[in-house]
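What follows is the content of entry01.csv, which has CSV, C-alpha atoms:
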chain,number,residue,atom,x,y,z
A,336,MET,CA,36.4,-16.1,21.4
A,337,LEU,CA,32.8,-15.8,20.3
A,338,PRO,CA,29.7,-16.2,22.5
A,339,LEU,CA,28.6,-19.6,21.1
A,340,ASP,CA,32.0,-21.1,20.5
A,341,GLY,CA,31.8,-24.9,20.7
A,342,VAL,CA,28.0,-25.1,20.3
A,343,LYS,CA,27.2,-27.7,17.6
A,344,ILE,CA,24.1,-27.1,15.5
A,345,LEU,CA,22.6,-29.4,12.8
A,346,ASP,CA,20.6,-27.2,10.4
A,347,LEU,CA,17.8,-29.0,8.4
A,348,THR,CA,16.2,-25.8,7.2
A,349,GLN,CA,16.0,-24.0,3.9
A,350,TYR,CA,14.8,-20.8,2.2
A,351,LEU,CA,14.8,-18.0,4.9
A,352,ALA,CA,13.2,-18.4,8.3
A,353,GLY,CA,15.5,-21.3,9.5
A,354,PRO,CA,18.6,-20.2,7.6
A,355,TYR,CA,18.3,-16.7,9.0
A,356,CYS,CA,18.1,-18.2,12.5
A,357,THR,CA,21.2,-20.4,12.0
A,358,MET,CA,23.0,-17.5,10.3
A,359,VAL,CA,22.7,-15.4,13.4
A,360,LEU,CA,23.7,-18.3,15.7
A,361,SER,CA,26.7,-19.0,13.4
A,362,ASP,CA,27.7,-15.3,13.5
A,363,MET,CA,27.8,-15.8,17.3
A,364,GLY,CA,30.3,-18.6,16.8
A,365,ALA,CA,28.1,-21.7,16.7
A,366,ASP,CA,29.4,-24.6,14.5
A,367,VAL,CA,26.5,-24.9,12.1
A,368,THR,CA,26.3,-27.9,9.7
A,369,LYS,CA,23.6,-27.6,7.0
A,370,ILE,CA,22.2,-31.0,6.2
A,371,GLU,CA,21.1,-30.8,2.5
A,372,ARG,CA,19.4,-33.1,0.1
A,373,PHE,CA,21.1,-33.5,-3.3
A,374,PRO,CA,21.6,-32.8,-6.1
A,375,GLY,CA,19.4,-29.7,-5.5
A,376,GLY,CA,20.1,-28.7,-1.9
A,377,ASP,CA,18.4,-25.9,-0.1
A,378,ASP,CA,15.7,-24.6,-2.4
A,379,SER,CA,17.1,-21.1,-2.1
A,380,ARG,CA,20.1,-22.3,-4.1
A,381,ARG,CA,17.8,-22.0,-7.2
A,382,LEU,CA,17.2,-18.2,-6.6
A,383,GLY,CA,19.2,-15.7,-8.7
A,384,PRO,CA,21.2,-13.7,-9.4
A,385,PHE,CA,23.8,-16.4,-10.3
A,386,ILE,CA,27.6,-16.1,-10.7
A,387,ASN,CA,29.4,-19.2,-11.9
A,388,GLU,CA,26.3,-21.3,-11.4
A,389,GLU,CA,26.1,-20.4,-7.7
A,390,GLY,CA,23.2,-18.3,-6.3
A,391,TYR,CA,23.8,-15.0,-4.6
A,392,SER,CA,20.5,-15.3,-2.7
A,393,PHE,CA,21.6,-18.5,-1.0
A,394,ALA,CA,25.0,-16.9,-0.1
A,395,MET,CA,23.4,-14.1,2.0
A,396,PRO,CA,21.8,-16.1,4.9
A,397,ASN,CA,24.2,-19.1,4.8
A,398,ARG,CA,27.5,-17.6,5.7
A,399,ASN,CA,29.6,-19.1,8.5
A,400,LYS,CA,28.1,-22.5,7.8
A,401,GLN,CA,29.2,-25.9,6.5
A,402,SER,CA,27.3,-28.1,4.1
A,403,LEU,CA,26.9,-31.9,4.4
A,404,ALA,CA,24.9,-33.3,1.5
A,405,LEU,CA,23.1,-36.4,2.8
A,406,ASP,CA,20.3,-38.7,1.6
A,407,LEU,CA,17.9,-38.8,4.6
A,408,LYS,CA,15.6,-41.1,2.8
A,409,SER,CA,18.1,-43.9,3.0
A,410,GLU,CA,18.7,-46.1,6.0
A,411,LYS,CA,22.4,-45.3,6.0
A,412,GLY,CA,21.8,-41.6,5.7
A,413,VAL,CA,19.6,-41.6,8.8
A,414,GLU,CA,22.2,-43.6,10.6
A,415,ILE,CA,24.8,-40.9,9.8
A,416,PHE,CA,22.4,-38.2,11.0
A,417,HIS,CA,21.8,-40.0,14.3
A,418,LYS,CA,25.5,-40.3,14.8
A,419,LEU,CA,25.9,-36.5,14.3
A,420,ALA,CA,22.8,-35.8,16.4
A,421,ALA,CA,24.4,-37.7,19.3
A,422,GLU,CA,27.1,-35.1,19.6
A,423,ALA,CA,24.9,-32.0,18.7
A,424,ASP,CA,23.6,-29.3,21.0
A,425,VAL,CA,20.8,-28.0,18.8
A,426,ILE,CA,18.8,-29.3,15.8
A,427,ILE,CA,16.6,-27.0,13.7
A,428,GLU,CA,14.2,-28.1,11.0
A,429,ASN,CA,11.5,-26.5,8.9
A,430,PHE,CA,9.8,-29.4,7.2
A,431,ARG,CA,6.0,-29.7,7.2
A,432,PRO,CA,4.8,-31.2,10.4
A,433,GLY,CA,5.1,-35.0,10.3
A,434,VAL,CA,7.9,-35.2,7.8
A,435,VAL,CA,10.8,-35.6,10.4
A,436,LYS,CA,8.9,-38.4,12.1
A,437,LYS,CA,8.5,-40.3,8.8
A,438,LEU,CA,12.3,-39.9,8.2
A,439,GLY,CA,13.1,-41.1,11.8
A,440,ILE,CA,14.8,-37.9,12.8
A,441,ASP,CA,12.1,-36.3,15.0
A,442,TYR,CA,12.6,-35.0,18.5
A,443,GLU,CA,11.3,-38.1,20.2
A,444,THR,CA,13.7,-40.3,18.3
A,445,ILE,CA,16.7,-38.0,18.8
A,446,GLU,CA,16.0,-37.5,22.5
A,447,LYS,CA,16.6,-41.2,23.0
A,448,ILE,CA,20.0,-40.8,21.4
A,449,ASN,CA,20.8,-37.4,23.0
A,450,SER,CA,18.7,-36.5,26.0
A,451,SER,CA,20.0,-33.0,26.3
A,452,ILE,CA,19.3,-32.0,22.7
A,453,ILE,CA,17.5,-28.7,22.0
A,454,TYR,CA,15.3,-29.4,19.0
A,455,CYS,CA,13.5,-26.5,17.3
A,456,SER,CA,10.8,-26.8,14.6
A,457,ILE,CA,9.8,-23.9,12.4
A,458,SER,CA,6.7,-24.3,10.2
A,459,GLY,CA,4.1,-22.2,8.6
A,460,PHE,CA,1.4,-22.8,11.2
A,461,GLY,CA,2.9,-24.8,14.0
A,462,GLN,CA,2.9,-28.5,15.0
A,463,TYR,CA,-0.7,-28.6,16.0
A,464,GLY,CA,-3.9,-26.8,15.3
A,465,PRO,CA,-6.4,-27.1,12.4
A,466,TYR,CA,-3.9,-25.5,9.9
A,467,SER,CA,-0.8,-27.4,11.0
A,468,LYS,CA,-0.6,-29.6,8.0
A,469,LYS,CA,-0.8,-26.8,5.5
A,470,GLY,CA,2.2,-25.5,3.7
A,471,GLY,CA,3.2,-22.0,4.8
A,472,PHE,CA,5.4,-19.5,3.0
A,473,ASP,CA,5.9,-15.9,4.1
A,474,ILE,CA,3.2,-14.5,1.9
A,475,ILE,CA,0.7,-17.0,3.2
A,476,ALA,CA,1.5,-16.0,6.7
A,477,GLN,CA,1.3,-12.3,5.8
A,478,GLY,CA,-2.2,-12.9,4.6
A,479,ILE,CA,-3.3,-14.9,7.6
A,480,THR,CA,-1.9,-12.5,10.2
A,481,GLY,CA,-3.7,-9.5,8.6
A,482,PHE,CA,-0.4,-7.8,7.6
A,483,MET,CA,-1.5,-7.5,4.0
A,484,ARG,CA,-4.7,-5.6,5.1
A,485,MET,CA,-2.7,-3.1,7.2
A,486,THR,CA,0.1,-2.4,4.7
A,487,GLY,CA,-0.1,0.1,1.8
A,488,GLU,CA,-2.3,3.0,1.2
A,489,PRO,CA,-5.9,3.3,2.6
A,490,ASP,CA,-8.5,1.8,0.2
A,491,GLY,CA,-5.7,0.2,-1.8
A,492,LYS,CA,-5.3,-3.5,-2.7
A,493,PRO,CA,-3.8,-5.7,0.0
A,494,ALA,CA,0.0,-5.2,0.0
A,495,LYS,CA,2.8,-7.4,1.0
A,496,VAL,CA,5.4,-6.0,3.5
A,497,GLY,CA,8.5,-5.1,1.4
A,498,ILE,CA,10.6,-7.8,3.1
A,499,ALA,CA,9.8,-11.4,4.2
A,500,ILE,CA,8.7,-10.2,7.6
A,501,ASN,CA,7.1,-13.4,8.8
A,502,ASP,CA,10.1,-15.4,7.8
A,503,ILE,CA,12.4,-13.1,9.7
A,504,ALA,CA,10.0,-13.0,12.7
A,505,ALA,CA,9.9,-16.8,12.9
A,506,GLY,CA,13.7,-16.9,12.5
A,507,SER,CA,14.1,-14.3,15.3
A,508,ALA,CA,11.7,-16.2,17.6
A,509,ALA,CA,13.7,-19.4,17.0
A,510,ILE,CA,16.9,-17.6,17.9
A,511,TYR,CA,15.8,-16.2,21.3
A,512,SER,CA,14.0,-19.4,22.1
A,513,ILE,CA,17.0,-21.6,21.4
A,514,LEU,CA,19.2,-19.3,23.4
A,515,GLY,CA,16.7,-19.4,26.3
A,516,ALA,CA,16.6,-23.2,26.1
A,517,TYR,CA,20.4,-23.3,26.1
A,518,VAL,CA,20.6,-21.2,29.3
A,519,HIS,CA,18.0,-23.6,30.8
A,520,ARG,CA,20.2,-26.6,29.8
A,521,LEU,CA,23.3,-25.0,31.3
A,522,LYS,CA,21.4,-24.8,34.6
A,523,THR,CA,19.7,-28.1,34.6
A,524,GLY,CA,21.2,-30.3,31.9
A,525,GLU,CA,17.8,-30.7,30.3
A,526,GLY,CA,17.1,-30.3,26.6
A,527,GLN,CA,13.7,-29.6,25.2
A,528,TYR,CA,11.5,-29.2,22.1
A,529,LEU,CA,10.6,-25.8,20.6
A,530,ASP,CA,7.7,-25.2,18.2
A,531,THR,CA,7.3,-21.9,16.5
A,532,SER,CA,5.6,-20.8,13.3
A,533,LEU,CA,5.6,-18.0,10.7
A,534,VAL,CA,2.0,-17.1,11.9
A,535,ASP,CA,2.7,-17.2,15.6
A,536,ALA,CA,5.9,-15.2,15.4
A,537,GLY,CA,4.4,-12.6,13.1
A,538,LEU,CA,1.3,-12.2,15.2
A,539,ALA,CA,3.4,-11.7,18.3
A,540,TRP,CA,4.7,-8.5,16.7
A,541,THR,CA,1.2,-6.9,16.4
A,542,VAL,CA,1.6,-4.9,19.6
A,543,TRP,CA,-0.3,-1.7,18.7
A,544,GLU,CA,-2.8,-3.5,16.5
A,545,SER,CA,-3.8,-5.9,19.2
A,546,ALA,CA,-4.1,-3.1,21.7
A,547,GLY,CA,-6.6,-1.3,19.4
A,548,TYR,CA,-8.7,-4.5,18.8
A,549,PHE,CA,-8.7,-5.7,22.4
A,550,GLY,CA,-9.2,-2.2,23.8
A,551,SER,CA,-11.9,-0.9,21.5
A,552,GLY,CA,-12.7,-3.4,18.8
A,553,GLU,CA,-10.7,-1.4,16.2
A,554,VAL,CA,-9.6,-3.5,13.2
A,555,ALA,CA,-6.2,-2.4,11.9
A,556,LYS,CA,-6.3,-1.1,8.4
A,557,ALA,CA,-3.7,0.2,5.9
A,558,THR,CA,-2.5,3.7,6.9
A,559,GLY,CA,0.2,4.4,4.4
A,560,THR,CA,3.2,5.6,6.4
A,561,ARG,CA,1.1,6.9,9.4
A,562,HIS,CA,1.4,5.6,12.9
A,563,ARG,CA,-1.8,4.2,14.4
A,564,ARG,CA,-1.6,6.1,17.7
A,565,SER,CA,0.6,9.2,17.1
A,566,THR,CA,1.1,12.1,14.7
A,567,PRO,CA,3.0,13.7,13.1
A,568,TYR,CA,4.7,10.4,12.7
A,569,GLN,CA,4.9,9.5,9.0
A,570,SER,CA,6.5,10.5,5.7
A,571,TYR,CA,5.7,13.8,4.0
A,572,GLU,CA,6.3,14.8,0.4
A,573,ALA,CA,9.1,17.3,-0.2
A,574,LYS,CA,10.2,19.0,-3.5
A,575,ASP,CA,12.4,16.0,-4.5
A,576,GLY,CA,11.2,13.1,-2.5
A,577,TYR,CA,9.8,12.2,1.0
A,578,VAL,CA,10.9,12.9,4.5
A,579,THR,CA,10.0,10.9,7.7
A,580,VAL,CA,9.1,12.9,10.8
A,581,GLY,CA,8.7,11.5,14.3
A,582,ALA,CA,7.2,14.4,16.3
A,583,GLY,CA,4.5,12.4,18.1
A,584,ASN,CA,4.8,13.7,21.6
A,585,GLN,CA,3.8,17.2,22.8
A,586,LYS,CA,7.3,18.5,23.3
A,587,LEU,CA,8.4,17.4,19.8
A,588,TRP,CA,5.2,18.7,18.3
A,589,GLU,CA,5.8,22.2,19.8
A,590,LEU,CA,9.4,22.1,18.6
A,591,PHE,CA,8.2,21.2,15.1
A,592,CYS,CA,5.7,24.1,15.0
A,593,ASN,CA,8.2,26.6,16.4
A,594,LYS,CA,11.5,25.7,14.9
A,595,VAL,CA,10.7,23.7,11.7
A,596,ILE,CA,7.6,24.9,10.0
A,597,ASN,CA,7.3,28.3,11.6
A,598,LYS,CA,3.7,27.8,12.7
A,599,PRO,CA,3.6,28.6,16.4
A,600,GLU,CA,-0.1,29.3,16.2
A,601,TRP,CA,-0.8,25.6,15.5
A,602,ILE,CA,0.1,24.8,19.2
A,603,GLN,CA,-3.1,26.4,20.3
A,604,ASP,CA,-5.1,25.6,17.2
A,605,GLN,CA,-8.1,23.5,18.4
A,606,ARG,CA,-7.6,21.1,15.5
A,607,PHE,CA,-4.1,20.2,16.6
A,608,LYS,CA,-3.8,21.2,20.3
A,609,SER,CA,-3.6,17.7,21.8
A,610,LEU,CA,-2.4,14.4,20.4
A,611,MET,CA,-6.0,13.2,20.2
A,612,ASP,CA,-7.0,16.4,18.4
A,613,ARG,CA,-4.2,15.8,15.9
A,614,MET,CA,-5.3,12.2,15.4
A,615,ASP,CA,-8.9,13.3,14.9
A,616,ASN,CA,-7.7,15.7,12.2
A,617,ILE,CA,-4.9,13.8,10.8
A,618,ASP,CA,-5.9,14.1,7.1
A,619,GLU,CA,-6.1,17.9,7.5
A,620,LEU,CA,-2.8,18.0,9.3
A,621,GLU,CA,-1.0,16.0,6.6
A,622,LYS,CA,-2.3,18.3,3.9
A,623,GLU,CA,-1.2,21.4,5.9
A,624,ILE,CA,2.3,20.0,6.5
A,625,GLU,CA,2.8,18.8,2.9
A,626,ALA,CA,1.8,22.2,1.6
A,627,ILE,CA,4.8,23.6,3.5
A,628,PHE,CA,7.2,20.7,2.9
A,629,ILE,CA,6.7,20.6,-0.9
A,630,LYS,CA,8.4,24.0,-1.2
A,631,GLU,CA,11.9,22.7,-0.1
A,632,THR,CA,14.1,19.7,-0.6
A,633,MET,CA,14.5,16.6,1.5
A,634,GLU,CA,17.9,17.7,2.6
A,635,TYR,CA,16.6,21.1,3.7
A,636,TRP,CA,13.9,19.6,5.9
A,637,VAL,CA,16.1,16.8,7.3
A,638,ASP,CA,18.7,19.4,8.3
A,639,LYS,CA,16.1,21.6,9.9
A,640,LEU,CA,14.5,18.8,11.8
A,641,ASP,CA,17.9,17.6,13.0
A,642,ASP,CA,18.7,21.1,14.2
A,643,ALA,CA,15.5,21.2,16.2
A,644,GLY,CA,16.2,17.8,17.8
A,645,ILE,CA,13.3,16.0,16.1
A,646,PRO,CA,13.8,12.5,14.8
A,647,ALA,CA,13.8,12.6,11.0
A,648,GLY,CA,15.3,11.2,7.8
A,649,PRO,CA,15.0,10.8,4.1
A,650,VAL,CA,12.9,8.1,2.4
A,651,TYR,CA,15.6,6.2,0.5
A,652,THR,CA,15.5,3.7,-2.3
A,653,TYR,CA,17.5,0.6,-1.3
A,654,ASP,CA,20.5,1.5,-3.4
A,655,GLN,CA,20.7,4.8,-1.6
A,656,THR,CA,20.5,3.0,1.8
A,657,LEU,CA,23.4,0.7,0.9
A,658,ASN,CA,25.6,3.7,-0.1
A,659,ASP,CA,24.8,5.9,2.9
A,660,PRO,CA,27.9,6.9,4.7
A,661,HIS,CA,26.4,6.1,8.1
A,662,VAL,CA,25.5,2.5,7.0
A,663,LYS,CA,29.0,2.0,5.7
A,664,GLU,CA,30.7,3.4,8.9
A,665,ARG,CA,28.6,1.0,11.0
A,666,GLU,CA,30.1,-1.8,9.0
A,667,MET,CA,26.7,-3.0,7.7
A,668,ILE,CA,28.2,-3.7,4.3
A,669,VAL,CA,30.9,-6.3,4.5
A,670,GLU,CA,33.1,-7.8,1.7
A,671,MET,CA,34.1,-11.4,1.7
A,672,GLU,CA,35.6,-14.1,-0.6
A,673,HIS,CA,33.4,-16.9,-1.9
A,674,PRO,CA,35.0,-19.9,-3.5
A,675,LYS,CA,32.7,-19.7,-6.6
A,676,LEU,CA,31.2,-16.2,-6.5
A,677,GLY,CA,34.5,-14.4,-5.9
A,678,THR,CA,34.5,-11.2,-3.9
A,679,ILE,CA,31.0,-10.6,-2.7
A,680,LYS,CA,29.2,-8.1,-0.4
A,681,THR,CA,26.9,-9.1,2.4
A,682,ILE,CA,24.9,-7.4,5.2
A,683,GLY,CA,27.0,-7.0,8.3
A,684,VAL,CA,26.3,-7.9,12.0
A,685,PRO,CA,23.7,-5.5,13.5
A,686,VAL,CA,24.8,-5.8,17.1
A,687,LYS,CA,28.2,-4.6,18.2
A,688,PHE,CA,29.5,-6.7,21.1
A,689,SER,CA,32.2,-4.9,23.2
A,690,LYS,CA,33.8,-8.1,24.6
A,691,THR,CA,33.1,-10.8,22.0
A,692,PRO,CA,32.6,-9.0,18.7
A,693,LEU,CA,30.8,-11.2,16.2
A,694,LYS,CA,32.5,-12.3,13.0
A,695,ILE,CA,31.7,-13.2,9.5
A,696,ARG,CA,34.3,-16.0,9.2
A,697,SER,CA,33.5,-17.8,6.0
A,698,ALA,CA,31.3,-17.6,2.9
A,699,ALA,CA,28.3,-19.8,2.4
A,700,PRO,CA,29.3,-23.3,1.3
A,701,TRP,CA,28.7,-24.9,-2.0
A,702,LEU,CA,26.4,-28.0,-1.8
A,703,GLY,CA,28.2,-30.7,0.1
A,704,GLN,CA,31.4,-28.7,0.4
A,705,ASN,CA,32.2,-30.1,3.9
A,706,THR,CA,30.7,-33.6,3.5
A,707,THR,CA,34.0,-35.4,3.8
A,708,GLU,CA,35.2,-33.3,6.7
A,709,LYS,CA,32.0,-33.8,8.7
A,710,LEU,CA,32.0,-37.6,8.1
A,711,LYS,CA,35.6,-37.8,9.3
A,712,GLU,CA,34.7,-35.8,12.4
A,713,ALA,CA,31.9,-38.4,13.0
A,714,GLY,CA,34.5,-41.1,12.9
A,715,TYR,CA,34.1,-42.6,9.4
A,716,SER,CA,37.2,-43.9,7.7
A,717,ASP,CA,38.4,-43.0,4.3
A,718,GLU,CA,37.3,-46.3,3.0
A,719,GLU,CA,33.8,-45.9,4.5
A,720,ILE,CA,33.5,-42.4,3.2
A,721,ASN,CA,34.4,-43.5,-0.4
A,722,LYS,CA,31.7,-46.2,-0.2
A,723,LEU,CA,29.2,-43.7,1.0
A,724,TYR,CA,29.9,-41.5,-2.0
A,725,GLU,CA,29.8,-44.5,-4.4
A,726,ASN,CA,26.5,-45.6,-3.0
A,727,GLU,CA,25.2,-42.0,-3.4
A,728,ILE,CA,24.4,-41.7,0.3
A,729,VAL,CA,26.4,-38.5,0.4
A,730,TYR,CA,27.4,-35.9,-2.1
A,731,ASN,CA,29.9,-33.0,-2.9
A,732,LYS,CA,29.0,-30.8,-5.9
A,733,TYR,CA,32.7,-30.0,-6.6
A,734,GLU,CA,34.4,-33.0,-5.0
A,735,GLU,CA,37.6,-32.5,-6.9
A,736,SER,CA,38.1,-29.1,-5.3
A,737,GLU,CA,37.9,-30.4,-1.7
A,738,GLU,CA,41.1,-31.7,-0.2
A,739,GLY,CA,40.6,-35.2,1.0
A,740,ALA,CA,37.5,-35.9,-1.0
A,741,HIS,CA,37.2,-39.5,-2.3
A,742,GLY,CA,38.9,-40.7,-5.5
Encoded form (structure tokens):
Amino acid sequence: MLPLDGVKILDLTQYLAGPYCTMVLSDMGADVTKIERFPGGDDSRRLGPFINEEGYSFAMPNRNKQSLALDLKSEKGVEIFHKLAAEADVIIENFRPGVVKKLGIDYETIEKINSSIIYCSISGFGQYGPYSKKGGFDIIAQGITGFMRMTGEPDGKPAKVGIAINDIAAGSAAIYSILGAYVHRLKTGEGQYLDTSLVDAGLAWTVWESAGYFGSGEVAKATGTRHRRSTPYQSYEAKDGYVTVGAGNQKLWELFCNKVINKPEWIQDQRFKSLMDRMDNIDELEKEIEAIFIKETMEYWVDKLDDAGIPAGPVYTYDQTLNDPHVKEREMIVEMEHPKLGTIKTIGVPVKFSKTPLKIRSAAPWLGQNTTEKLKEAGYSDEEINKLYENEIVYNKYEESEEGAHG
């Protein structure tokens, strides 16, 4: 048994923020049906690399889901969606604000069909506000939230965070909001509407940055790998790469001086005596530490820091991360079979549940793979399903491969 067994979700999202949200919910056991337009489907299906004409990028955040390819611009397609929505627990969409209303699948319409529905909208800027009608991808949100001005090296050009951080932030906000709304529904029977955005969700993560601005008017700037409030807490160059050090409190600082770099005199040095002293002299401290670190390898320093009980690690390239023995033992790399891609690897589940361990049960579907199955579940007969295919209301990219597909 999985935590969300029996929860039915209709997923109208594409690219990353919404699909990440529904991936996590599906890992928890929810029955997630992706509603996709055709013949293109989720726009992330166009992203490479490709194997047998299927995209690996789509496969990553769309595991454990089923695909129903449906023409929502047709009256019959909307009718089918309404029928599915009547039995759903959650609907998630990430169209531009206003689109679902034009289609006739907005919260107000669905609530009349299913009063307990939990309906979540994810957009670039939210459903109201002066920017609400603007399109919003991750990089746009990174610019608006100031992330690109606080990432990279000091005095460098604005830099994008290495991952799609606002997309993932919005997907994560949607996850915990949906779960909170579901708990509320269990208690009261009430559904509700949830509105989050890439900008709102990303901004909510600026904890230290907002403290600096609200507390003293400080505007967060790029600091390389440095922490804004603590040091030594950054990466330092070694002979063959970089090492991260987290010795920000006084106890760890003293251990660092005594047991790692053999500089006990720094503990009383007026430049470095207190945390504020170290922050005031952070440029000098970095030069002093790197002058020592550059003489030995990453492995040497990580071992020495570990022995002293100071949090530390190597600065990996991504391929090194994926081949690290700890990452592998934690089952963060999982193999699975995909009907078109063959044997593929994907990122594993990050939380280990003791009673209800989460599962990667199936690979991402091809476009419309489960169309016939979902229509049958909704009560459509074989004859009706055949007519829907013939009238191009529904679609299955590889219909001859699906048992029970029409003609």
Neighbouring residues of Lys469 of chain A were defined as those with any atom within 8 Å, considering all atoms listed in the file; residues of the same chain fewer than 5 positions away were excluded. Please report them as a ChimeraX atom specification. /A:431,459-460
May I have the residues from that selection written out with C-alpha atoms, as a compact mmCIF listing (two decimals), keeping the file's coordinate frame?
# COMPACT_ATOMS: atom_id res chain seq x y z
CA ARG A 431 6.00 -29.70 7.20
CA GLY A 459 4.10 -22.20 8.60
CA PHE A 460 1.40 -22.80 11.20
Need the shell around segment 511-522 of chain A: protein/DNA/RNA residues with any atom at most 8 Å away, counting all atoms listed in the file. Skip same-chain ones fewer than 6 positions apart. Format as a ChimeraX atom specification? /A:425,451,453,455,529
If you keep C-alpha atoms, can you produce a file of those selected residues as a short mmCIF file (atom, residue, chain, number, x, y, z; two decimals), keeping the file's coordinate frame?
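This is the output file part.cif:
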data_model
loop_
_atom_site.label_atom_id
_atom_site.label_comp_id
_atom_site.auth_asym_id
_atom_site.auth_seq_id
_atom_site.Cartn_x
_atom_site.Cartn_y
_atom_site.Cartn_z
CA VAL A 425 20.80 -28.00 18.80
CA SER A 451 20.00 -33.00 26.30
CA ILE A 453 17.50 -28.70 22.00
CA CYS A 455 13.50 -26.50 17.30
CA LEU A 529 10.60 -25.80 20.60
#
Surrounding residues of Asn726 of chain A excluding itself and chain neighbours under 5 positions, 10 Å, all atoms listed in the file, as a ChimeraX atom specification: /A:411,720-721
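Interatomic distance, atom CA of Arg398 of chain A against atom CA of Gly506 of chain A: 15.4 Å.
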Counting only C-alpha atoms, what is within 12 Å of Trp701 of chain A, bar same-chain residues fewer than 4 positions away, as JSON, numbers by chain? {"A": [369, 371, 373, 374, 375, 376, 377, 380, 387, 388, 389, 390, 391, 393, 394, 397, 398, 400, 401, 402, 403, 404, 673, 674, 675, 676, 697, 705, 706, 730, 731, 732, 733, 734, 736, 737]}
Nearest to Phe416 of chain A, restricted to all atoms listed in the file and choosing among A:Asp604, A:Lys663, A:Asp654, A:Lys709, comes out as A:Lys709
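Compared by their closest atoms to Thr560 of chain A, and using all atoms listed in the file, the residues A:Val650, A:Ile479, A:Ala573, A:Met667 rank with A:Val650 nearest.
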Length of the atom CA of Gln462 of chain A to atom CA of Asn429 of chain A vector [Å]: 10.7 Å
Can you pull out the residues contacting Arg561 of chain A? Cut-off 10 Å, using only C-alpha atoms, and skip same-chain residues under 4 positions away; I want them as an MDAnalysis selection string. chainID A and resid 488 557 565:571 579 617 621
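Closest approach to Gly703 of chain A from the set A:Gly412, A:Val729, A:Pro384, A:Tyr651 is made by A:Val729, with distances taken over all atoms listed in the file.
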What does the structure give for the distance between atom CA of Ser507 of chain A and atom CA of Leu339 of chain A, in Å to one decimal? 16.5 Å
Around the point (10.2, -27.6, 14.5) (coordinates from the file), which residues reach within 7 Å if we count all atoms listed in the file? Answer as a tab-separated table (two decimals) with C-alpha atoms, in the coordinates of the input.
chain	number	residue	atom	x	y	z
A	427	ILE	CA	16.60	-27.00	13.70
A	428	GLU	CA	14.20	-28.10	11.00
A	429	ASN	CA	11.50	-26.50	8.90
A	455	CYS	CA	13.50	-26.50	17.30
A	456	SER	CA	10.80	-26.80	14.60
A	457	ILE	CA	9.80	-23.90	12.40
A	458	SER	CA	6.70	-24.30	10.20
A	529	LEU	CA	10.60	-25.80	20.60
A	530	ASP	CA	7.70	-25.20	18.20
A	531	THR	CA	7.30	-21.90	16.50
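Restricting the calculation to all atoms listed in the file, the smallest distance between Ile629 of chain A and any of A:Phe591, A:Phe385, A:Trp540, A:Tyr577 is found for A:Tyr577.
Here the question is which of A:Thr681, A:Ile448, A:Gly464, A:Leu587 gets nearest to Pro646 of chain A using all atoms listed in the file, and that residue is A:Leu587.
Closest to Val662 of chain A among A:Tyr466, A:Val684, A:Leu405, A:Met483 is A:Val684, based on all atoms listed in the file.
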Within 7 Å of (25.8, -31.8, 13.8) in the file's own coordinates, which protein, DNA or RNA residues have an atom, counting all atoms listed in the file? List them as JSON, numbers by chain. {"A": [343, 344, 345, 368, 419, 420, 422, 423]}
